[in-house]
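For reference, my_file-v9.txt (compact mmCIF, C-alpha atoms and all ligand atoms):
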# COMPACT_ATOMS: atom_id res chain seq x y z
CA MET A 1095 0.00 0.00 0.00
CA ARG A 1096 1.32 3.46 -0.85
CA ASN A 1097 1.62 6.31 1.63
CA ILE A 1098 -1.65 8.19 1.99
CA ALA A 1099 -2.03 11.82 3.03
CA LEU A 1100 -5.12 11.57 5.24
CA PHE A 1101 -5.08 15.35 5.58
CA SER A 1102 -3.11 17.92 3.67
CA SER A 1103 -3.09 21.72 3.83
CA GLU A 1104 -0.43 24.24 2.91
CA ASN A 1105 1.65 23.69 6.06
CA HIS A 1106 0.12 20.65 7.76
CA GLN A 1107 -0.13 16.99 6.79
CA PHE A 1108 -1.22 13.79 8.48
CA ILE A 1109 0.28 10.86 6.61
CA LEU A 1110 -0.31 7.13 6.82
CA LEU A 1111 3.04 5.61 5.95
CA ASN A 1112 3.04 2.26 4.20
CA GLU A 1113 1.28 -0.33 6.26
CA SER A 1114 4.26 -2.50 6.93
CA GLU A 1115 4.76 -6.22 7.26
CA PRO A 1116 6.80 -7.41 10.22
CA GLY A 1117 8.95 -9.61 8.00
CA GLU A 1118 7.36 -12.81 9.24
CA GLU A 1119 4.21 -14.12 7.67
CA ASP A 1120 2.44 -14.62 10.95
CA GLY A 1121 3.14 -11.19 12.45
CA VAL A 1122 0.51 -8.51 12.48
CA ARG A 1123 0.67 -5.70 9.94
CA SER A 1124 0.81 -2.26 11.47
CA ASN A 1125 0.28 1.36 10.49
CA GLN A 1126 2.78 4.11 11.14
CA TYR A 1127 1.73 7.74 10.99
CA LEU A 1128 3.70 10.92 10.43
CA VAL A 1129 2.25 14.31 11.37
CA LEU A 1130 4.00 17.22 9.66
CA HIS A 1131 3.75 20.93 10.35
CA ASP A 1132 5.97 23.58 8.77
CA GLY A 1133 8.81 21.10 8.29
CA ASP A 1134 8.61 19.52 11.75
CA GLY A 1135 7.44 15.93 12.15
CA VAL A 1136 6.06 13.63 14.83
CA LEU A 1137 5.97 9.88 14.36
CA LEU A 1138 3.13 7.87 15.88
CA ASP A 1139 3.82 4.21 16.78
CA PRO A 1140 6.99 3.73 14.71
CA GLY A 1141 6.72 -0.06 14.80
CA GLY A 1142 8.74 -3.14 15.53
CA PHE A 1143 12.39 -3.89 14.87
CA GLY A 1144 11.80 -5.57 11.50
CA VAL A 1145 9.85 -2.69 9.95
CA MET A 1146 12.18 0.08 11.14
CA PRO A 1147 14.31 0.42 7.96
CA ARG A 1148 11.27 0.72 5.74
CA VAL A 1149 9.52 3.22 8.01
CA LEU A 1150 12.69 5.30 8.06
CA ALA A 1151 12.94 5.19 4.26
CA GLU A 1152 9.35 6.38 3.98
CA MET A 1153 9.86 9.14 6.54
CA LEU A 1154 12.93 10.41 4.68
CA ARG A 1155 10.69 11.19 1.69
CA TYR A 1156 9.23 13.99 3.84
CA ILE A 1157 11.76 15.04 6.50
CA GLY A 1158 15.30 14.37 7.67
CA PRO A 1159 16.06 12.79 11.06
CA GLN A 1160 16.80 16.21 12.61
CA GLN A 1161 13.32 17.43 11.75
CA LEU A 1162 11.70 14.65 13.75
CA LYS A 1163 10.58 16.45 16.91
CA GLY A 1164 8.85 13.64 18.71
CA ILE A 1165 7.81 10.00 18.78
CA VAL A 1166 4.62 8.88 20.48
CA LEU A 1167 4.17 5.28 21.62
CA SER A 1168 0.50 4.49 22.18
CA HIS A 1169 1.46 1.65 24.51
CA GLN A 1170 4.13 -0.89 25.39
CA ASP A 1171 3.65 -3.67 22.84
CA PRO A 1172 6.50 -5.01 20.67
CA ASP A 1173 4.82 -4.07 17.38
CA ILE A 1174 5.11 -0.45 18.58
CA VAL A 1175 8.27 -0.26 20.66
CA GLY A 1176 10.49 -2.94 19.07
CA GLY A 1177 12.37 -0.54 16.77
CA ILE A 1178 12.75 2.36 19.21
CA SER A 1179 16.45 1.87 20.03
CA THR A 1180 17.43 2.63 16.44
CA TRP A 1181 15.16 5.66 16.32
CA LEU A 1182 16.87 6.97 19.46
CA ASP A 1183 20.25 6.54 17.76
CA LEU A 1184 19.20 8.27 14.54
CA THR A 1185 17.26 11.22 15.90
CA ASP A 1186 17.16 13.60 18.86
CA ALA A 1187 13.41 13.19 19.22
CA PRO A 1188 11.88 12.80 22.68
CA VAL A 1189 9.63 9.77 23.13
CA TYR A 1190 6.20 10.06 24.76
CA VAL A 1191 4.63 7.03 26.43
CA SER A 1192 2.33 6.46 29.39
CA ARG A 1193 4.22 6.95 32.62
CA ILE A 1194 3.20 3.48 33.80
CA TRP A 1195 5.38 1.79 31.15
CA LEU A 1196 8.58 3.74 31.71
CA ARG A 1197 10.14 1.23 34.09
CA PHE A 1198 9.40 -1.72 31.81
CA LEU A 1199 10.81 -0.33 28.57
CA PRO A 1200 14.51 -0.82 29.48
CA HIS A 1201 13.84 -4.55 28.99
CA TYR A 1202 13.69 -3.88 25.23
CA GLY A 1203 17.42 -3.13 25.53
CA ILE A 1204 16.79 0.61 25.37
CA ARG A 1205 19.52 2.93 26.49
CA GLY A 1206 18.73 6.60 26.76
CA MET A 1207 15.63 6.42 28.91
CA HIS A 1208 16.31 10.08 29.77
CA ARG A 1209 14.83 10.84 26.34
CA PHE A 1210 11.44 9.45 27.43
CA VAL A 1211 8.59 11.60 28.68
CA GLY A 1212 6.09 9.84 30.95
CA VAL A 1213 2.59 10.93 30.00
CA PRO A 1214 0.35 11.33 33.08
CA ASP A 1215 -2.87 9.33 33.31
CA GLU A 1216 -4.99 12.36 32.48
CA GLY A 1217 -3.03 13.06 29.28
CA MET A 1218 -1.20 16.23 28.28
CA VAL A 1219 -0.58 18.63 25.44
CA PHE A 1220 2.57 17.92 23.45
CA GLU A 1221 3.78 21.35 22.34
CA VAL A 1222 5.84 20.29 19.34
CA ALA A 1223 6.64 23.75 17.99
CA PRO A 1224 4.94 27.15 17.85
CA GLY A 1225 1.57 26.57 16.18
CA PHE A 1226 1.94 22.78 16.37
CA ASP A 1227 0.28 21.15 19.37
CA LEU A 1228 -0.85 17.55 19.68
CA GLN A 1229 -3.22 16.39 22.39
CA LEU A 1230 -2.19 13.16 24.11
CA VAL A 1231 -5.48 11.83 25.45
CA PRO A 1232 -6.13 8.85 27.72
CA ALA A 1233 -7.42 5.56 26.29
CA HIS A 1234 -6.57 3.31 29.20
CA PHE A 1235 -7.46 -0.39 29.31
CA LEU A 1236 -8.23 -0.39 25.57
CA HIS A 1237 -6.40 -2.69 25.55
CA SER A 1238 -3.31 -1.54 27.42
CA GLU A 1239 -3.60 -0.35 31.03
CA GLY A 1240 -1.70 2.75 29.97
CA GLN A 1241 -2.68 3.63 26.43
CA ILE A 1242 -2.61 7.11 24.95
CA ASN A 1243 -4.27 8.38 21.79
CA VAL A 1244 -3.14 11.39 19.81
CA TYR A 1245 -5.62 14.03 18.67
CA ASP A 1246 -4.43 16.46 16.04
CA PRO A 1247 -6.76 19.48 16.15
CA GLN A 1248 -5.57 20.80 12.79
CA SER A 1249 -6.47 17.71 10.78
CA ARG A 1250 -9.17 16.60 13.25
CA ILE A 1251 -7.71 13.09 13.08
CA LEU A 1252 -7.60 10.90 16.17
CA PHE A 1253 -4.83 8.30 16.25
CA SER A 1254 -6.49 5.57 18.30
CA GLY A 1255 -3.79 2.95 18.85
CA ASP A 1256 -5.40 -0.49 19.08
CA ILE A 1257 -8.94 0.89 19.28
CA GLY A 1258 -10.68 0.26 15.97
CA ALA A 1259 -7.86 -2.00 14.82
CA ALA A 1260 -8.66 -4.53 12.11
CA ILE A 1261 -6.83 -7.53 10.78
CA LEU A 1262 -7.98 -7.82 7.18
CA PRO A 1263 -7.89 -11.15 5.36
CA GLY A 1264 -5.49 -11.36 2.42
CA ASP A 1265 -8.16 -10.74 -0.22
CA GLN A 1266 -9.32 -7.50 1.44
CA ASN A 1267 -7.19 -4.40 1.25
CA TYR A 1268 -8.98 -1.08 1.59
CA ALA A 1269 -7.60 2.13 3.06
CA TYR A 1270 -10.78 3.64 4.49
CA VAL A 1271 -13.79 2.30 6.31
CA ASP A 1272 -16.88 3.77 4.66
CA ASP A 1273 -19.31 0.92 5.28
CA PHE A 1274 -19.05 0.04 8.96
CA GLN A 1275 -21.34 -3.01 8.79
CA ALA A 1276 -19.20 -4.57 6.06
CA HIS A 1277 -16.08 -3.87 8.13
CA LEU A 1278 -17.46 -5.22 11.43
CA PRO A 1279 -16.48 -8.88 10.87
CA TYR A 1280 -12.80 -7.85 10.82
CA ILE A 1281 -12.85 -6.04 14.17
CA GLU A 1282 -15.44 -7.78 16.31
CA ALA A 1283 -13.47 -10.76 17.66
CA PHE A 1284 -10.39 -8.62 18.37
CA HIS A 1285 -12.33 -6.02 20.33
CA ARG A 1286 -14.32 -8.58 22.32
CA ARG A 1287 -11.13 -10.34 23.42
CA TYR A 1288 -8.57 -7.55 23.74
CA MET A 1289 -10.59 -4.58 25.04
CA CYS A 1290 -10.94 -4.55 28.82
CA SER A 1291 -14.59 -3.76 29.46
CA ASN A 1292 -17.65 -1.87 28.34
CA ARG A 1293 -17.05 0.70 31.08
CA ALA A 1294 -13.64 1.59 29.63
CA ALA A 1295 -15.08 1.67 26.09
CA ARG A 1296 -17.95 3.93 27.12
CA ILE A 1297 -15.69 6.41 28.92
CA TRP A 1298 -13.46 6.60 25.85
CA VAL A 1299 -16.38 7.07 23.45
CA ASN A 1300 -17.74 9.91 25.56
CA MET A 1301 -14.34 11.58 25.51
CA VAL A 1302 -14.05 11.20 21.73
CA ARG A 1303 -17.53 12.61 21.20
CA ARG A 1304 -16.40 15.81 22.90
CA LEU A 1305 -13.57 16.18 20.39
CA ASP A 1306 -14.18 17.30 16.81
CA VAL A 1307 -13.11 14.11 15.03
CA ASP A 1308 -13.21 13.66 11.25
CA MET A 1309 -11.21 10.41 11.13
CA ILE A 1310 -10.17 7.66 13.50
CA ALA A 1311 -6.80 6.22 12.53
CA PRO A 1312 -5.89 2.93 14.26
CA GLN A 1313 -2.56 1.17 14.48
CA HIS A 1314 -3.78 -1.77 12.41
CA GLY A 1315 -6.08 -1.75 9.38
CA PRO A 1316 -8.07 0.91 7.55
CA VAL A 1317 -8.98 4.43 8.71
CA TYR A 1318 -12.55 5.34 9.71
CA ARG A 1319 -14.06 8.40 8.11
CA GLY A 1320 -17.45 10.07 7.67
CA GLN A 1321 -20.43 8.07 8.86
CA ALA A 1322 -18.17 5.14 9.80
CA VAL A 1323 -16.67 7.23 12.63
CA LYS A 1324 -20.10 7.69 14.20
CA ASP A 1325 -21.09 4.07 13.53
CA PHE A 1326 -17.92 2.76 15.15
CA LEU A 1327 -18.42 4.93 18.25
CA ASP A 1328 -22.05 3.80 18.57
CA TRP A 1329 -21.03 0.14 18.27
CA PHE A 1330 -18.06 0.37 20.63
CA SER A 1331 -20.02 2.15 23.36
CA GLU A 1332 -22.41 -0.81 23.51
CA LEU A 1333 -19.83 -3.59 23.16
CA GLN A 1334 -19.56 -6.23 25.84
CA CYS A 1335 -15.91 -7.20 25.93
CA GLY A 1336 -13.01 -8.42 28.05
CA ILE A 1337 -13.98 -8.97 31.67
CA ASP A 1338 -17.67 -8.39 30.81
CA LEU A 1339 -17.55 -11.78 29.07
CA MET A 1340 -15.47 -13.71 31.59
CA THR A 1341 -17.07 -16.82 33.00
CA ASP A 1342 -16.34 -18.40 36.37
CA SER A 1343 -14.10 -20.90 34.60
CA GLY A 1344 -11.78 -18.04 33.62
CA HIS A 1345 -12.56 -18.25 29.91
CA VAL A 1346 -13.78 -15.37 27.81
FE FE B 1 -1.29 -3.72 21.52
Is it possible to give me this structure as structure tokens?
Ligand code: FE
Amino acid sequence: MRNIALFSSENHQFILLNESEPGEEDGVRSNQYLVLHDGDGVLLDPGGFGVMPRVLAEMLRYIGPQQLKGIVLSHQDPDIVGGISTWLDLTDAPVYVSRIWLRFLPHYGIRGMHRFVGVPDEGMVFEVAPGFDLQLVPAHFLHSEGQINVYDPQSRILFSGDIGAAILPGDQNYAYVDDFQAHLPYIEAFHRRYMCSNRAARIWVNMVRRLDVDMIAPQHGPVYRGQAVKDFLDWFSELQCGIDLMTDSGHV
């Protein structure tokens, strides 16, 4: 899949970099996003170790390493963090991640933890540069206990991490979700098993509804736009998932 500019104005772009393969057939494909403003860039979920060279090559089509002003990790999983050591070597960018994961990340072999910024549970504004702010908003327990989303008020795109993620079968490859009902089979099982509970989902949906969101861009699979944004929020707010479905035997 080619890079897609999800939003583009004279000085601001929100780009979906190539959805990259992990190099092993059975790994999960993941999206990397690059937000650009007046020549500065922020990378969202740069990906695992195997995809790092390709993500870098794609990024270099837009900016050099010195123009990368920040990296945001939505949570602690290997498909997000696995390549971070190399990014730390190549750039001066600070790395934003939930504060609750800071003490676990050194186990990825990361040196330079002083470059990490622990995002508080209530979220924060990442002031990238004058005129370029990103809102780091809480999305805890969906699925990670410390997950952050990124809302870009200029493009009105919400990067949602694992929320809304889809694993498409090989014969399906579409960039945008326009028909939510047709898309539902590719997200339902994942959300029922990985998302913590309806309470967490509902709190997140209410937060998102207060933002002005045109697109929801997940870490895996196509991007929701138009009516599909509203349809996804309606569905997710009612979903029984995670511990809601646990039986006394411990199964879900
Ligand atoms: Fe994850």
Exercise for review: Name all residues at most 12 Å from Gly1315 (chain A) (count all atoms listed in the file; drop same-chain ones fewer than 2 positions away) and give them as an NGL selection string.
Suggested key: :A and (1095 or 1110 or 1112-1115 or 1122-1126 or 1254-1264 or 1266-1271 or 1277 or 1280-1281 or 1310-1313 or 1317-1318)
Check your understanding: If you count only C-alpha atoms and all ligand atoms, which residues end up within 9 Å of ligand FE 1 (chain B), as an MDAnalysis selection string?
Key -> chainID A and resid 1168:1174 1236:1238 1241 1255:1256 1288 1313
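At a cut-off of 10 Å from (-17.6, 12.7, 16.5), the residue set is A:Arg1250, A:Val1299, A:Asn1300, A:Met1301, A:Val1302, A:Arg1303, A:Arg1304, A:Leu1305, A:Asp1306, A:Val1307, A:Asp1308, A:Met1309, A:Ile1310, A:Gly1320, A:Gln1321, A:Val1323, A:Lys1324, A:Asp1325, A:Leu1327 (counting all atoms listed in the file).
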Exercise for review: Compare A:Arg1287, A:His1106, A:His1314, A:Arg1296 by their minimum atom-to-atom distance to Phe1226 (chain A), counting all atoms listed in the file, and give me the closest one.
Suggested key: A:His1106
Check your understanding: If you count only C-alpha atoms, which residues fall within 7 Å of Arg1209 (chain A), apart from same-chain ones fewer than 2 positions away, as a PyMOL selection string?
Key -> chain A and resi 1188-1189+1206-1207+1211
Exercise for review: Around the point (2.8, 13.3, 11.1), in the coordinates given by the file, pick out the residues reaching within 6 Å, counting all atoms listed in the file, and return them as a list in words.
Suggested key: Phe1108, Ile1109, Tyr1127, Leu1128, Val1129, Leu1130, Gly1135, Val1136 and Leu1137 of chain A
Could you add whatever atoms are missing so that region 1314-1345 of chain A carries N, CA and C atoms, then write the result as an mmCIF file, in the coordinates of the input?
data_model
loop_
_atom_site.group_PDB
_atom_site.id
_atom_site.type_symbol
_atom_site.label_atom_id
_atom_site.label_comp_id
_atom_site.auth_asym_id
_atom_site.auth_seq_id
_atom_site.Cartn_x
_atom_site.Cartn_y
_atom_site.Cartn_z
ATOM 1 N N HIS A 1314 -3.693 -0.662 13.360
ATOM 2 C CA HIS A 1314 -3.780 -1.770 12.410
ATOM 3 C C HIS A 1314 -5.042 -1.587 11.568
ATOM 4 N N GLY A 1315 -4.904 -1.747 10.252
ATOM 5 C CA GLY A 1315 -6.080 -1.750 9.380
ATOM 6 C C GLY A 1315 -6.504 -0.378 8.918
ATOM 7 N N PRO A 1316 -7.651 -0.333 8.202
ATOM 8 C CA PRO A 1316 -8.070 0.910 7.550
ATOM 9 C C PRO A 1316 -8.559 2.004 8.509
ATOM 10 N N VAL A 1317 -8.652 3.209 7.965
ATOM 11 C CA VAL A 1317 -8.980 4.430 8.710
ATOM 12 C C VAL A 1317 -10.471 4.730 8.564
ATOM 13 N N TYR A 1318 -11.111 5.031 9.689
ATOM 14 C CA TYR A 1318 -12.550 5.340 9.710
ATOM 15 C C TYR A 1318 -12.766 6.799 9.315
ATOM 16 N N ARG A 1319 -13.745 7.026 8.487
ATOM 17 C CA ARG A 1319 -14.060 8.400 8.110
ATOM 18 C C ARG A 1319 -15.578 8.527 7.912
ATOM 19 N N GLY A 1320 -16.045 9.787 7.931
ATOM 20 C CA GLY A 1320 -17.450 10.070 7.670
ATOM 21 C C GLY A 1320 -18.374 9.332 8.625
ATOM 22 N N GLN A 1321 -19.427 8.760 8.065
ATOM 23 C CA GLN A 1321 -20.430 8.070 8.860
ATOM 24 C C GLN A 1321 -19.840 6.897 9.651
ATOM 25 N N ALA A 1322 -18.775 6.302 9.119
ATOM 26 C CA ALA A 1322 -18.170 5.140 9.800
ATOM 27 C C ALA A 1322 -17.581 5.512 11.150
ATOM 28 N N VAL A 1323 -17.162 6.777 11.326
ATOM 29 C CA VAL A 1323 -16.670 7.230 12.630
ATOM 30 C C VAL A 1323 -17.807 7.136 13.652
ATOM 31 N N LYS A 1324 -18.945 7.696 13.287
ATOM 32 C CA LYS A 1324 -20.100 7.690 14.200
ATOM 33 C C LYS A 1324 -20.572 6.252 14.451
ATOM 34 N N ASP A 1325 -20.622 5.458 13.384
ATOM 35 C CA ASP A 1325 -21.090 4.070 13.530
ATOM 36 C C ASP A 1325 -20.169 3.265 14.437
ATOM 37 N N PHE A 1326 -18.865 3.478 14.285
ATOM 38 C CA PHE A 1326 -17.920 2.760 15.150
ATOM 39 C C PHE A 1326 -18.110 3.161 16.609
ATOM 40 N N LEU A 1327 -18.248 4.463 16.870
ATOM 41 C CA LEU A 1327 -18.420 4.930 18.250
ATOM 42 C C LEU A 1327 -19.703 4.359 18.859
ATOM 43 N N ASP A 1328 -20.779 4.348 18.075
ATOM 44 C CA ASP A 1328 -22.050 3.800 18.570
ATOM 45 C C ASP A 1328 -21.894 2.314 18.924
ATOM 46 N N TRP A 1329 -21.227 1.577 18.045
ATOM 47 C CA TRP A 1329 -21.030 0.140 18.270
ATOM 48 C C TRP A 1329 -20.144 -0.112 19.490
ATOM 49 N N PHE A 1330 -19.045 0.624 19.559
ATOM 50 C CA PHE A 1330 -18.060 0.370 20.630
ATOM 51 C C PHE A 1330 -18.639 0.717 21.997
ATOM 52 N N SER A 1331 -19.461 1.742 22.063
ATOM 53 C CA SER A 1331 -20.020 2.150 23.360
ATOM 54 C C SER A 1331 -20.963 1.098 23.925
ATOM 55 N N GLU A 1332 -21.476 0.240 23.064
ATOM 56 C CA GLU A 1332 -22.410 -0.810 23.510
ATOM 57 C C GLU A 1332 -21.738 -2.175 23.639
ATOM 58 N N LEU A 1333 -20.472 -2.272 23.252
ATOM 59 C CA LEU A 1333 -19.830 -3.590 23.160
ATOM 60 C C LEU A 1333 -19.584 -4.197 24.539
ATOM 61 N N GLN A 1334 -19.965 -5.442 24.680
ATOM 62 C CA GLN A 1334 -19.560 -6.230 25.840
ATOM 63 C C GLN A 1334 -18.241 -6.904 25.475
ATOM 64 N N CYS A 1335 -17.236 -6.723 26.317
ATOM 65 C CA CYS A 1335 -15.910 -7.200 25.930
ATOM 66 C C CYS A 1335 -15.077 -7.496 27.173
ATOM 67 N N GLY A 1336 -13.958 -8.184 26.964
ATOM 68 C CA GLY A 1336 -13.010 -8.420 28.050
ATOM 69 C C GLY A 1336 -13.643 -9.041 29.271
ATOM 70 N N ILE A 1337 -13.501 -8.380 30.412
ATOM 71 C CA ILE A 1337 -13.980 -8.970 31.670
ATOM 72 C C ILE A 1337 -15.509 -9.031 31.724
ATOM 73 N N ASP A 1338 -16.200 -8.271 30.863
ATOM 74 C CA ASP A 1338 -17.670 -8.390 30.810
ATOM 75 C C ASP A 1338 -18.071 -9.828 30.428
ATOM 76 N N LEU A 1339 -17.207 -10.475 29.647
ATOM 77 C CA LEU A 1339 -17.550 -11.780 29.070
ATOM 78 C C LEU A 1339 -16.920 -12.942 29.827
ATOM 79 N N MET A 1340 -16.166 -12.641 30.875
ATOM 80 C CA MET A 1340 -15.470 -13.710 31.590
ATOM 81 C C MET A 1340 -16.453 -14.596 32.350
ATOM 82 N N THR A 1341 -16.227 -15.880 32.243
ATOM 83 C CA THR A 1341 -17.070 -16.820 33.000
ATOM 84 C C THR A 1341 -16.307 -17.234 34.260
ATOM 85 N N ASP A 1342 -16.981 -17.946 35.137
ATOM 86 C CA ASP A 1342 -16.340 -18.400 36.370
ATOM 87 C C ASP A 1342 -15.176 -19.336 36.095
ATOM 88 N N SER A 1343 -15.190 -19.976 34.946
ATOM 89 C CA SER A 1343 -14.100 -20.900 34.600
ATOM 90 C C SER A 1343 -12.836 -20.145 34.178
ATOM 91 N N GLY A 1344 -12.945 -18.823 34.004
ATOM 92 C CA GLY A 1344 -11.780 -18.040 33.620
ATOM 93 C C GLY A 1344 -11.685 -17.835 32.125
ATOM 94 N N HIS A 1345 -12.578 -18.454 31.354
ATOM 95 C CA HIS A 1345 -12.560 -18.250 29.910
ATOM 96 C C HIS A 1345 -13.336 -17.007 29.537
#
